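**Q** Take this structure first; my questions come after.
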2 protein chains.
Amino acid sequence: MAQKNRLKYIILGLLIDRPQTGYDLTKSFDSDIGEFWSANHSQIYPLLNRMETAGLLQHDQVQVGEKLVKKRYSVTDTGQQEFFRWLQEPSPLDNAHDEFLLKLYFVKDQHADLLRVMVTEQLALHQAKLDNLNAQLADKFPTTQQQTQSYGHYQLLRHAILRERDYVAWLGEI
Amino acid sequence: MAQKNRLKYIILGLLIDRPQTGYDLTKSFDSDIGEFWSANHSQIYPLLNRMETAGLLQHDQVQVGEKLVKKRYSVTDTGQQEFFRWLQEPSPLDNAHDEFLLKLYFVKDQHADLLRVMVTEQLALHQAKLDNLNAQLADKFPTTQQQTQSYGHYQLLRHAILRERDYVAWLGEI
DNA sequence: CGGAGCATGTAATTCGTTACATGATTGT
DNA sequence: ACAATCATGTAACGAATTACATGCTCCG
């Protein structure tokens with residue numbers, strides 16, 4: 001089962017918003033969505049094909065100029081179901097990629113009820129992590145002597161704590 | 001060239017600190033370093049072998065009990081050079097893994113001069129990113145109407161901005 | 001007519017996860 | 001004795017990056 005394939009859901013989300021070509025999708029990862037997720041065209045094109053074979057997508061052809069034919073992909077009903085199923089799944093913490101942020105990106109204000117559940121769940125996870133980090137800090141760096149001895153490690157823990165604290169505050173605002 | 005292989009440098013850093021077995025290294029990723037980087041033993045053992053072949057590591061054997069022989073790895077001079085070369089390289093921003101944090105973890109207070117350079121460089125990068133995000137926010141969400149229409153996207157940008165602002169503040173403290 | 005960008009692919013390689021596999025040691 | 005955990009590997013697979021490859025369109 002190897003990996004999560006979250007790129008699949010990003011593509012579904014983007015295509016639900018608006019049917020696009022693989023090239024258009026690729027550009028999204030260079031601009032807005034690129035802030036927190038990246039993907040190359042060499043990953044996107046084969047995935048689009050696989051997703052179409054799997055019945056999640058379909059495409060029509062758009063004539064451009066004399067010869068060029070673009071493939072404009074859109075999401076099938078099956079694909080929509082898959083996407084919304086994913087949106088409603090819990091999003092466990094993962095220090096490589098924040099899946100919650102990804103989902104948030106696709107939430108328009110209409111699913112306000114789902115949003116509340118999602119935020120509450122994340123809040124609990126981040127609060128737990130924050131508590132854990134604070135415990136670690138107290139455990140590993142009880143004296144100022146140890147703080148200067150492993151300065152980098154100490155600052156790192158402080159940074160992680162600040163980050164979680166902010167995350168919790170930000171979630172609280174939503 | 002495919003990927004960065006930053007795991008290699010983490011292993012070098014951990015082994016410079018203290019010679020250890022592959023099993024010990026694996027445990028590090030479940031505790032402190034696991035906050036921001038992960039690795040499985042199935043990735044570590046083959047990498048240790050490759051790194052030894054490449055002349056970065058060496059190991060001696062430690063007898064435990066009757067039959068079991070542990071491999072305790074340590075870093076060669078070549079490996080040390082490679083590690084410090086990496087430490088001194090610039091650390092470009094990467095939204096998947098923060099390479100700067102990784103380096104910071106290995107900085108004991110003695111390299112205070114290097115630390116200053118590293119922090120200054122990161123500060124510039126994050127400040128630039130913060131400016132860019134602020135510009136995006138002004139560009140994409142000039143009215144409150146657009147903020148509620150793509151609520152998730154809006155909150156996401158806000159989150160990114162808060163995060164960068166905090167990162168900059170934290171760097172400033174160091 | 002030339003160059004920047006549009007548009008779509010494949011190939012090679014590495015990274016990373018999950019699962020499979022085996023055996024020794026230590027403490028209860 | 002038996003369970004937890006120490007200790008070291010391999011195999012299979014999917015994800016992600018880099019490089020290779022080709023052709024079209026639009027604008028100046």
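Lettering and numbering for the structure tokens are positional, with chains as A, B, ... in the shown order, residues counted from 1 in each chain, and ligands counted from 1 in the shown order.
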Just list as a PyMOL selection string whatever in region 20-136 of chain B DSSP marks as helix (DSSP H, G or I).
**A** chain B and resi 22-28+33-35+41-53+77-88+99-106+109-136
**Q** Compile the contact shell of region 4-17 of chain C as a PyMOL selection string: residues with an atom at most 9 Å away, counting only C-alpha atoms (C1' of nucleotides), same-chain residues fewer than 2 positions apart removed.
**A** (chain A and resi 1-3+21-23+41-42+45-46+68-70) or (chain B and resi 1-5+39-40+43) or (chain D and resi 13-26)
**Q** Using only C-alpha atoms (C1' of nucleotides), determine which residues lie at most 9 Å from region 113-126 of chain A, disregarding the query and same-chain residues fewer than 4 positions distant; provide the list as a ChimeraX atom specification.
**A** /A:87-93,100,104,107,109,130-131,164-165,167-168,171-172,174
**Q** Run DSSP on the backbone and tell me which residues of chain A come out as strand (DSSP E or B); list them as a PDB file with all heavy atoms, in the first residue's frame.
**A**
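Contents of selection26.pdb, freshly written:
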ATOM      1  N   GLN A  20     -10.279  21.187 -16.024  1.00  0.00           N
ATOM      2  CA  GLN A  20      -9.019  21.754 -16.490  1.00  0.00           C
ATOM      3  C   GLN A  20      -8.186  20.703 -17.210  1.00  0.00           C
ATOM      4  O   GLN A  20      -8.446  19.516 -17.092  1.00  0.00           O
ATOM      5  CB  GLN A  20      -8.185  22.238 -15.298  1.00  0.00           C
ATOM      6  CG  GLN A  20      -8.784  23.316 -14.455  1.00  0.00           C
ATOM      7  CD  GLN A  20      -7.935  23.601 -13.227  1.00  0.00           C
ATOM      8  OE1 GLN A  20      -6.840  24.125 -13.318  1.00  0.00           O
ATOM      9  NE2 GLN A  20      -8.456  23.238 -12.077  1.00  0.00           N
ATOM     10  N   LEU A  57     -12.335  10.070 -13.238  1.00  0.00           N
ATOM     11  CA  LEU A  57     -12.305  11.228 -14.128  1.00  0.00           C
ATOM     12  C   LEU A  57     -12.824  10.854 -15.512  1.00  0.00           C
ATOM     13  O   LEU A  57     -12.921   9.674 -15.859  1.00  0.00           O
ATOM     14  CB  LEU A  57     -10.868  11.752 -14.290  1.00  0.00           C
ATOM     15  CG  LEU A  57     -10.093  12.177 -13.059  1.00  0.00           C
ATOM     16  CD1 LEU A  57      -8.704  12.659 -13.466  1.00  0.00           C
ATOM     17  CD2 LEU A  57     -10.852  13.244 -12.290  1.00  0.00           C
ATOM     18  N   GLN A  58     -13.110  11.889 -16.284  1.00  0.00           N
ATOM     19  CA  GLN A  58     -13.372  11.726 -17.707  1.00  0.00           C
ATOM     20  C   GLN A  58     -12.794  12.943 -18.400  1.00  0.00           C
ATOM     21  O   GLN A  58     -12.501  13.940 -17.746  1.00  0.00           O
ATOM     22  CB  GLN A  58     -14.882  11.622 -17.956  1.00  0.00           C
ATOM     23  CG  GLN A  58     -15.634  12.848 -17.490  1.00  0.00           C
ATOM     24  CD  GLN A  58     -17.135  12.601 -17.359  1.00  0.00           C
ATOM     25  OE1 GLN A  58     -17.577  11.456 -17.305  1.00  0.00           O
ATOM     26  NE2 GLN A  58     -17.901  13.688 -17.299  1.00  0.00           N
ATOM     27  N   HIS A  59     -12.592  12.861 -19.706  1.00  0.00           N
ATOM     28  CA  HIS A  59     -12.116  14.066 -20.381  1.00  0.00           C
ATOM     29  C   HIS A  59     -12.814  14.263 -21.719  1.00  0.00           C
ATOM     30  O   HIS A  59     -13.266  13.300 -22.342  1.00  0.00           O
ATOM     31  CB  HIS A  59     -10.593  14.025 -20.567  1.00  0.00           C
ATOM     32  CG  HIS A  59     -10.132  13.140 -21.698  1.00  0.00           C
ATOM     33  ND1 HIS A  59      -9.829  11.811 -21.540  1.00  0.00           N
ATOM     34  CD2 HIS A  59      -9.917  13.419 -23.010  1.00  0.00           C
ATOM     35  CE1 HIS A  59      -9.440  11.295 -22.707  1.00  0.00           C
ATOM     36  NE2 HIS A  59      -9.489  12.242 -23.607  1.00  0.00           N
ATOM     37  N   ASP A  60     -12.912  15.524 -22.107  1.00  0.00           N
ATOM     38  CA  ASP A  60     -13.331  15.807 -23.483  1.00  0.00           C
ATOM     39  C   ASP A  60     -12.189  16.534 -24.162  1.00  0.00           C
ATOM     40  O   ASP A  60     -11.192  16.884 -23.535  1.00  0.00           O
ATOM     41  CB  ASP A  60     -14.633  16.613 -23.525  1.00  0.00           C
ATOM     42  CG  ASP A  60     -14.539  17.903 -22.738  1.00  0.00           C
ATOM     43  OD1 ASP A  60     -13.434  18.240 -22.288  1.00  0.00           O
ATOM     44  OD2 ASP A  60     -15.559  18.577 -22.580  1.00  0.00           O
ATOM     45  N   GLN A  61     -12.323  16.698 -25.465  1.00  0.00           N
ATOM     46  CA  GLN A  61     -11.212  17.265 -26.208  1.00  0.00           C
ATOM     47  C   GLN A  61     -11.564  18.653 -26.699  1.00  0.00           C
ATOM     48  O   GLN A  61     -12.653  18.899 -27.221  1.00  0.00           O
ATOM     49  CB  GLN A  61     -10.880  16.343 -27.381  1.00  0.00           C
ATOM     50  CG  GLN A  61     -10.670  14.909 -26.903  1.00  0.00           C
ATOM     51  CD  GLN A  61      -9.790  14.112 -27.816  1.00  0.00           C
ATOM     52  OE1 GLN A  61      -9.929  14.156 -29.027  1.00  0.00           O
ATOM     53  NE2 GLN A  61      -8.859  13.371 -27.228  1.00  0.00           N
ATOM     54  N   VAL A  62     -10.626  19.542 -26.513  1.00  0.00           N
ATOM     55  CA  VAL A  62     -10.845  20.920 -26.914  1.00  0.00           C
ATOM     56  C   VAL A  62      -9.848  21.280 -28.007  1.00  0.00           C
ATOM     57  O   VAL A  62      -8.637  21.203 -27.805  1.00  0.00           O
ATOM     58  CB  VAL A  62     -10.653  21.879 -25.720  1.00  0.00           C
ATOM     59  CG1 VAL A  62     -10.913  23.306 -26.157  1.00  0.00           C
ATOM     60  CG2 VAL A  62     -11.563  21.486 -24.578  1.00  0.00           C
ATOM     61  N   GLN A  63     -10.401  21.644 -29.159  1.00  0.00           N
ATOM     62  CA  GLN A  63      -9.552  22.009 -30.280  1.00  0.00           C
ATOM     63  C   GLN A  63      -8.969  23.396 -30.061  1.00  0.00           C
ATOM     64  O   GLN A  63      -9.679  24.337 -29.712  1.00  0.00           O
ATOM     65  CB  GLN A  63     -10.388  21.994 -31.570  1.00  0.00           C
ATOM     66  CG  GLN A  63      -9.607  22.241 -32.845  1.00  0.00           C
ATOM     67  CD  GLN A  63      -9.015  20.944 -33.409  1.00  0.00           C
ATOM     68  OE1 GLN A  63      -9.580  19.862 -33.176  1.00  0.00           O
ATOM     69  NE2 GLN A  63      -7.922  21.042 -34.142  1.00  0.00           N
ATOM     70  N   VAL A  64      -7.659  23.515 -30.283  1.00  0.00           N
ATOM     71  CA  VAL A  64      -6.985  24.800 -30.141  1.00  0.00           C
ATOM     72  C   VAL A  64      -6.155  25.022 -31.392  1.00  0.00           C
ATOM     73  O   VAL A  64      -5.311  24.206 -31.727  1.00  0.00           O
ATOM     74  CB  VAL A  64      -6.051  24.821 -28.919  1.00  0.00           C
ATOM     75  CG1 VAL A  64      -5.265  26.127 -28.871  1.00  0.00           C
ATOM     76  CG2 VAL A  64      -6.846  24.617 -27.640  1.00  0.00           C
ATOM     77  N   LEU A  68      -3.633  21.319 -32.507  1.00  0.00           N
ATOM     78  CA  LEU A  68      -3.514  20.938 -31.099  1.00  0.00           C
ATOM     79  C   LEU A  68      -4.863  20.631 -30.467  1.00  0.00           C
ATOM     80  O   LEU A  68      -5.816  21.379 -30.609  1.00  0.00           O
ATOM     81  CB  LEU A  68      -2.825  22.069 -30.324  1.00  0.00           C
ATOM     82  CG  LEU A  68      -2.469  21.759 -28.866  1.00  0.00           C
ATOM     83  CD1 LEU A  68      -1.478  20.614 -28.778  1.00  0.00           C
ATOM     84  CD2 LEU A  68      -1.911  22.992 -28.196  1.00  0.00           C
ATOM     85  N   VAL A  69      -4.918  19.488 -29.797  1.00  0.00           N
ATOM     86  CA  VAL A  69      -6.126  19.094 -29.079  1.00  0.00           C
ATOM     87  C   VAL A  69      -5.803  18.948 -27.591  1.00  0.00           C
ATOM     88  O   VAL A  69      -5.004  18.107 -27.205  1.00  0.00           O
ATOM     89  CB  VAL A  69      -6.668  17.748 -29.623  1.00  0.00           C
ATOM     90  CG1 VAL A  69      -7.872  17.308 -28.810  1.00  0.00           C
ATOM     91  CG2 VAL A  69      -7.022  17.878 -31.091  1.00  0.00           C
ATOM     92  N   LYS A  70      -6.445  19.763 -26.771  1.00  0.00           N
ATOM     93  CA  LYS A  70      -6.225  19.686 -25.333  1.00  0.00           C
ATOM     94  C   LYS A  70      -7.199  18.695 -24.702  1.00  0.00           C
ATOM     95  O   LYS A  70      -8.328  18.530 -25.161  1.00  0.00           O
ATOM     96  CB  LYS A  70      -6.462  21.055 -24.675  1.00  0.00           C
ATOM     97  CG  LYS A  70      -5.485  22.117 -25.072  1.00  0.00           C
ATOM     98  CD  LYS A  70      -5.471  23.270 -24.076  1.00  0.00           C
ATOM     99  CE  LYS A  70      -6.756  24.082 -24.118  1.00  0.00           C
ATOM    100  NZ  LYS A  70      -6.639  25.294 -23.264  1.00  0.00           N
ATOM    101  N   LYS A  71      -6.735  18.033 -23.646  1.00  0.00           N
ATOM    102  CA  LYS A  71      -7.622  17.150 -22.887  1.00  0.00           C
ATOM    103  C   LYS A  71      -8.115  17.885 -21.657  1.00  0.00           C
ATOM    104  O   LYS A  71      -7.331  18.201 -20.766  1.00  0.00           O
ATOM    105  CB  LYS A  71      -6.868  15.900 -22.436  1.00  0.00           C
ATOM    106  CG  LYS A  71      -6.411  14.989 -23.549  1.00  0.00           C
ATOM    107  CD  LYS A  71      -5.802  13.730 -22.966  1.00  0.00           C
ATOM    108  CE  LYS A  71      -5.322  12.800 -24.074  1.00  0.00           C
ATOM    109  NZ  LYS A  71      -4.659  11.595 -23.507  1.00  0.00           N
ATOM    110  N   ARG A  72      -9.414  18.135 -21.644  1.00  0.00           N
ATOM    111  CA  ARG A  72      -9.963  18.816 -20.478  1.00  0.00           C
ATOM    112  C   ARG A  72     -10.628  17.787 -19.567  1.00  0.00           C
ATOM    113  O   ARG A  72     -11.612  17.158 -19.953  1.00  0.00           O
ATOM    114  CB  ARG A  72     -10.963  19.876 -20.908  1.00  0.00           C
ATOM    115  CG  ARG A  72     -11.454  20.718 -19.726  1.00  0.00           C
ATOM    116  CD  ARG A  72     -12.340  21.860 -20.169  1.00  0.00           C
ATOM    117  NE  ARG A  72     -13.395  21.362 -21.067  1.00  0.00           N
ATOM    118  CZ  ARG A  72     -14.158  22.161 -21.825  1.00  0.00           C
ATOM    119  NH1 ARG A  72     -13.971  23.456 -21.808  1.00  0.00           N
ATOM    120  NH2 ARG A  72     -15.087  21.653 -22.609  1.00  0.00           N
ATOM    121  N   TYR A  73     -10.080  17.642 -18.390  1.00  0.00           N
ATOM    122  CA  TYR A  73     -10.577  16.622 -17.464  1.00  0.00           C
ATOM    123  C   TYR A  73     -11.658  17.182 -16.555  1.00  0.00           C
ATOM    124  O   TYR A  73     -11.619  18.342 -16.153  1.00  0.00           O
ATOM    125  CB  TYR A  73      -9.434  16.090 -16.593  1.00  0.00           C
ATOM    126  CG  TYR A  73      -8.501  15.159 -17.331  1.00  0.00           C
ATOM    127  CD1 TYR A  73      -7.376  15.651 -17.979  1.00  0.00           C
ATOM    128  CD2 TYR A  73      -8.753  13.787 -17.379  1.00  0.00           C
ATOM    129  CE1 TYR A  73      -6.510  14.801 -18.660  1.00  0.00           C
ATOM    130  CE2 TYR A  73      -7.897  12.929 -18.045  1.00  0.00           C
ATOM    131  CZ  TYR A  73      -6.779  13.449 -18.689  1.00  0.00           C
ATOM    132  OH  TYR A  73      -5.932  12.602 -19.354  1.00  0.00           O
ATOM    133  N   SER A  74     -12.629  16.314 -16.245  1.00  0.00           N
ATOM    134  CA  SER A  74     -13.614  16.657 -15.226  1.00  0.00           C
ATOM    135  C   SER A  74     -13.874  15.426 -14.369  1.00  0.00           C
ATOM    136  O   SER A  74     -13.438  14.326 -14.698  1.00  0.00           O
ATOM    137  CB  SER A  74     -14.896  17.151 -15.886  1.00  0.00           C
ATOM    138  OG  SER A  74     -15.372  16.182 -16.808  1.00  0.00           O
ATOM    139  N   VAL A  75     -14.570  15.621 -13.264  1.00  0.00           N
ATOM    140  CA  VAL A  75     -14.727  14.565 -12.262  1.00  0.00           C
ATOM    141  C   VAL A  75     -16.060  13.850 -12.457  1.00  0.00           C
ATOM    142  O   VAL A  75     -17.098  14.492 -12.638  1.00  0.00           O
ATOM    143  CB  VAL A  75     -14.647  15.176 -10.851  1.00  0.00           C
ATOM    144  CG1 VAL A  75     -14.799  14.099  -9.786  1.00  0.00           C
ATOM    145  CG2 VAL A  75     -13.328  15.909 -10.667  1.00  0.00           C
TER     146      VAL A  75
END
**Q** Just give me the gap between CA of Gln81 (chain B) and CA of Thr26 (chain B) in Å, one decimal is fine.
**A**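 One can read the CA of Gln81 (chain B) to CA of Thr26 (chain B) distance as 23.5 Å.
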**Q** Identify, on the basis of only C-alpha atoms (C1' of nucleotides), every residue whose closest approach to Tyr9 (chain A) does not exceed 8 Å; exclude the query and any residue fewer than 4 positions from it along the same chain; express the result as a PDB file with N, CA, C and O atoms, in the first residue's frame.
**A**
ATOM      1  N   ASN A   5      -1.045   8.790  -1.484  1.00  0.00           N
ATOM      2  CA  ASN A   5      -1.607   9.350  -2.705  1.00  0.00           C
ATOM      3  C   ASN A   5      -2.597  10.475  -2.450  1.00  0.00           C
ATOM      4  O   ASN A   5      -3.742  10.419  -2.905  1.00  0.00           O
ATOM      5  N   GLY A  13     -10.190  17.677  -6.111  1.00  0.00           N
ATOM      6  CA  GLY A  13     -10.688  18.944  -5.595  1.00  0.00           C
ATOM      7  C   GLY A  13     -10.571  20.073  -6.605  1.00  0.00           C
ATOM      8  O   GLY A  13     -11.511  20.839  -6.806  1.00  0.00           O
ATOM      9  N   PHE A  83     -13.971  11.932  -3.373  1.00  0.00           N
ATOM     10  CA  PHE A  83     -13.430  13.170  -2.819  1.00  0.00           C
ATOM     11  C   PHE A  83     -14.097  13.540  -1.500  1.00  0.00           C
ATOM     12  O   PHE A  83     -13.424  13.849  -0.522  1.00  0.00           O
ATOM     13  N   TRP A  86     -13.129  11.382   1.352  1.00  0.00           N
ATOM     14  CA  TRP A  86     -11.817  11.765   1.880  1.00  0.00           C
ATOM     15  C   TRP A  86     -11.920  12.986   2.785  1.00  0.00           C
ATOM     16  O   TRP A  86     -11.320  13.029   3.866  1.00  0.00           O
TER      17      TRP A  86
END
**Q** Gly152 (chain A): which residues within 9 Å, counting only C-alpha atoms (C1' of nucleotides), same-chain residues fewer than 4 positions away excluded, as JSON, numbers by chain?
**A** {"A": [147, 148, 156, 157], "B": [101, 103, 104, 105, 106, 107, 108, 109]}
**Q** Quick check, in Å to one decimal: how far apart do C1' of DC2 (chain D) and C1' of DT25 (chain C) lie?
**A**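 Interatomic distance here is 12.8 Å.
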**Q** Can you measure CA of Ser28 (chain A) to CA of Leu162 (chain B) for me? One decimal in Å is fine.
**A** 22.4 Å
**Q** From the set B:Ala138, B:Leu25, B:Leu56, B:Leu102, which residue has the shortest atom-to-atom contact distance to chain D, counting only C-alpha atoms (C1' of nucleotides)?
**A**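 Nearest to chain D: B:Leu25.
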